[in-house]
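*Asks:* The structure is given below, and queries will be raised subsequently.
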Amino acid sequence: MPLLPQMLHEQLAATPAGRLPFEQVMELALYHPEHGYYGAGPRRIGREGDFFTSVSVGSLFGKLLAMRALQEWEAQGEPEDFTIIEQGGHDGQLAEDILSTVGDRPVRYLIVEPNPRYREAQTKRLGSRVRWVENLAALRSGPKHGFFLCNELPDAFPVHLVRWSGERWEELFVEADGTEAFRFVPGDCSNDELEEEVKHLPHDLETGHTLEINLAMLRWIRELAQAAFRGAIFIADYGLDAEEFFADSRAGGTIRRYRQHQMDGHVLEDLGGCDLTTHINFTRLIAEALRHGLVEREYDLQGRVLGRMAMPWLQSFEGRPLDAAMMRQFNSLTHPAFMGRSFRCLILEKPAR
Ligand SMILES: C[S@@+](CC[C@H](N)C(=O)[O-])C[C@H]1O[C@@H](n2cnc3c(N)ncnc32)[C@H](O)[C@@H]1O
């Protein structure tokens, strides 16, 4: 048996009821430092990897983000400590793309990166132009001016699964199925925070309707709101509004596993060998952000947000031939049939702390 499922069997056997919340299983599968899908070090993203992201499409995404960050820098009066802060920087590709547009402007770049293997890969690519912190708590003491960005970060946070029984919301736990495999089993919510979230879910759904609750995302946005910088927060991810999660067509939830560009719902199989990911609930994220002092500036389909951000770049082609390769990237990022509709962008204004 591969090591990670074996470790999970051992962990399950060590619990009193022989089961663990799915959130802990997802944490293990993605972030175990040796055998987790992400924990073990940056995987290839793109054609040769398991999935594409806007970063893997090409350098245009970074160019547009750099232009947006530079607008913020200028709007704040070009302060000396202005810092572009990225979280989920993976192998450093997006940082490289952004920095090539920033050029020699005196703008700093900081990556929030807890995993030393990722820091190593990022250092190799980016050298001394970048600094690192391990977590968001380190941003409480500075910088004072910034532009925070992340692409496909909260979709990779471990989530709890809950299922409507017809009478109440129950949490889904994972247990051994008697063979080498695992199965879901319902039970009471494993913690108070989850219990509180579940209180706000509707009751008029079909029996068996399953949803993900991303408590880590709520903790994350609260933590980000405590950072010292004033400026903007740019979040791009695939996600939905709250009501879309309750549609009968989504009764199975949005949790999926990805491997070699194949996607399915067998999320308890090949643990550690596949990416596990969910759509994020933007309605819930925005509500939590506003409750903690952040201000919604823009929330829309990625196609529309990047379309607006790209206007100065598109205008720069006036009288010159279009760059065909870059236009193909623009199409992939913004066309509704590609990434334009399934991805959404949220831009928040962040006051100083
Ligand atoms: C779907 S990948 C996206 C990678 C990259 N941003 C892109 O768009 O190509 C998710 C990334 O988030 C990282 N990640 C997850 N939790 C994190 C955390 N708390 N801090 C920093 N990175 C994190 C993972 O290691 C992984 O590199």
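Starting from 1 in every chain, residues are counted up; chains themselves are A, B, ... following the order of the structure tokens, and ligands are numbered from 1 as listed.
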Hey, which residues come within 9 Å of ligand 1 if we count only C-alpha atoms and all ligand atoms? Could you give them as a PyMOL selection string?

*Replies:* chain A and resi 30-31+37-39+41-43+45-46+51-56+86-94+111-115+118+134-136+150-158+216+220+236-237+275+277

*Asks:* Write out as an MDAnalysis selection string all residues of segment 68-303 of chain A that backbone DSSP assigns to strand (DSSP E or B).

*Replies:* chainID A and resid 83:87 108:112 130:133 145:151 160:164 169:176 182:187 210:213 230:240 256:259 262:264 275:277 280:281 295:301

*Asks:* Neighbours of segment 256-259 of chain A within 8 Å (only C-alpha atoms; same-chain residues fewer than 3 positions away dropped), as a ChimeraX atom specification?

*Replies:* /A:49-51,262-267,273-278

*Asks:* Please save N, CA and C atoms of the selected residues as a PDB file, in the first residue's frame.

*Replies:*
```
ATOM      1  N   GLY A  49       1.681  18.967 -16.157  1.00  0.00           N
ATOM      2  CA  GLY A  49       1.263  18.723 -14.776  1.00  0.00           C
ATOM      3  C   GLY A  49      -0.128  18.118 -14.721  1.00  0.00           C
ATOM      4  N   ASP A  50      -0.829  18.382 -13.621  1.00  0.00           N
ATOM      5  CA  ASP A  50      -2.151  17.793 -13.438  1.00  0.00           C
ATOM      6  C   ASP A  50      -3.280  18.745 -13.818  1.00  0.00           C
ATOM      7  N   PHE A  51      -2.971  20.053 -13.844  1.00  0.00           N
ATOM      8  CA  PHE A  51      -4.002  21.056 -14.160  1.00  0.00           C
ATOM      9  C   PHE A  51      -3.325  22.332 -14.628  1.00  0.00           C
ATOM     10  N   GLN A 262      -7.285  14.994 -15.704  1.00  0.00           N
ATOM     11  CA  GLN A 262      -8.545  14.268 -15.542  1.00  0.00           C
ATOM     12  C   GLN A 262      -9.098  14.675 -14.185  1.00  0.00           C
ATOM     13  N   MET A 263     -10.439  14.877 -14.137  1.00  0.00           N
ATOM     14  CA  MET A 263     -11.047  15.321 -12.894  1.00  0.00           C
ATOM     15  C   MET A 263     -12.147  14.340 -12.516  1.00  0.00           C
ATOM     16  N   ASP A 264     -12.252  13.988 -11.230  1.00  0.00           N
ATOM     17  CA  ASP A 264     -13.400  13.183 -10.796  1.00  0.00           C
ATOM     18  C   ASP A 264     -13.683  13.421  -9.316  1.00  0.00           C
ATOM     19  N   GLY A 265     -14.679  12.734  -8.797  1.00  0.00           N
ATOM     20  CA  GLY A 265     -15.091  12.946  -7.410  1.00  0.00           C
ATOM     21  C   GLY A 265     -14.598  11.865  -6.458  1.00  0.00           C
ATOM     22  N   HIS A 266     -13.677  11.010  -6.911  1.00  0.00           N
ATOM     23  CA  HIS A 266     -13.178   9.914  -6.044  1.00  0.00           C
ATOM     24  C   HIS A 266     -12.094  10.445  -5.108  1.00  0.00           C
ATOM     25  N   VAL A 267     -12.521  11.294  -4.187  1.00  0.00           N
ATOM     26  CA  VAL A 267     -11.535  12.072  -3.430  1.00  0.00           C
ATOM     27  C   VAL A 267     -10.833  11.275  -2.332  1.00  0.00           C
ATOM     28  N   GLY A 273      -1.460  11.479  -4.185  1.00  0.00           N
ATOM     29  CA  GLY A 273      -1.026  11.409  -5.587  1.00  0.00           C
ATOM     30  C   GLY A 273      -1.806  12.363  -6.482  1.00  0.00           C
ATOM     31  N   CYS A 274      -2.862  12.968  -5.946  1.00  0.00           N
ATOM     32  CA  CYS A 274      -3.717  13.836  -6.764  1.00  0.00           C
ATOM     33  C   CYS A 274      -3.939  15.157  -6.042  1.00  0.00           C
ATOM     34  N   ASP A 275      -4.252  16.182  -6.834  1.00  0.00           N
ATOM     35  CA  ASP A 275      -4.663  17.439  -6.224  1.00  0.00           C
ATOM     36  C   ASP A 275      -6.106  17.289  -5.752  1.00  0.00           C
ATOM     37  N   LEU A 276      -6.413  17.835  -4.602  1.00  0.00           N
ATOM     38  CA  LEU A 276      -7.795  17.915  -4.131  1.00  0.00           C
ATOM     39  C   LEU A 276      -8.143  19.388  -4.043  1.00  0.00           C
ATOM     40  N   THR A 277      -9.299  19.761  -4.542  1.00  0.00           N
ATOM     41  CA  THR A 277      -9.617  21.183  -4.615  1.00  0.00           C
ATOM     42  C   THR A 277     -11.122  21.402  -4.565  1.00  0.00           C
ATOM     43  N   THR A 278     -11.521  22.591  -4.100  1.00  0.00           N
ATOM     44  CA  THR A 278     -12.960  22.923  -4.057  1.00  0.00           C
ATOM     45  C   THR A 278     -13.185  24.316  -4.638  1.00  0.00           C
TER      46      THR A 278
END
```

*Asks:* Closest to Pro143 of chain A among A:Arg168, A:Arg320, A:His261, A:Arg353, using only C-alpha atoms?

*Replies:*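 Nearest to Pro143 of chain A: A:Arg353.
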
*Asks:* If I take atom CA of Ile233 of chain A and atom CA of Phe245 of chain A, how far is one from the other in Å, to one decimal?

*Replies:*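 We find that atom CA of Ile233 of chain A and atom CA of Phe245 of chain A lie 24.4 Å from each other.
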
*Asks:* Between A:Arg250, A:Arg308, A:Arg125, A:Lys350, single out the one closest to Glu296 of chain A, counting only C-alpha atoms.

*Replies:*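 Of the candidates, the smallest distance to Glu296 of chain A is held by A:Lys350.
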
*Asks:* As a PyMOL selection string, please: the residues near segment 329-338 of chain A (cut-off 9 Å, only C-alpha atoms, same-chain neighbours under 2 positions excluded).

*Replies:* chain A and resi 54+57-61+301-307+310+324-327+340-343
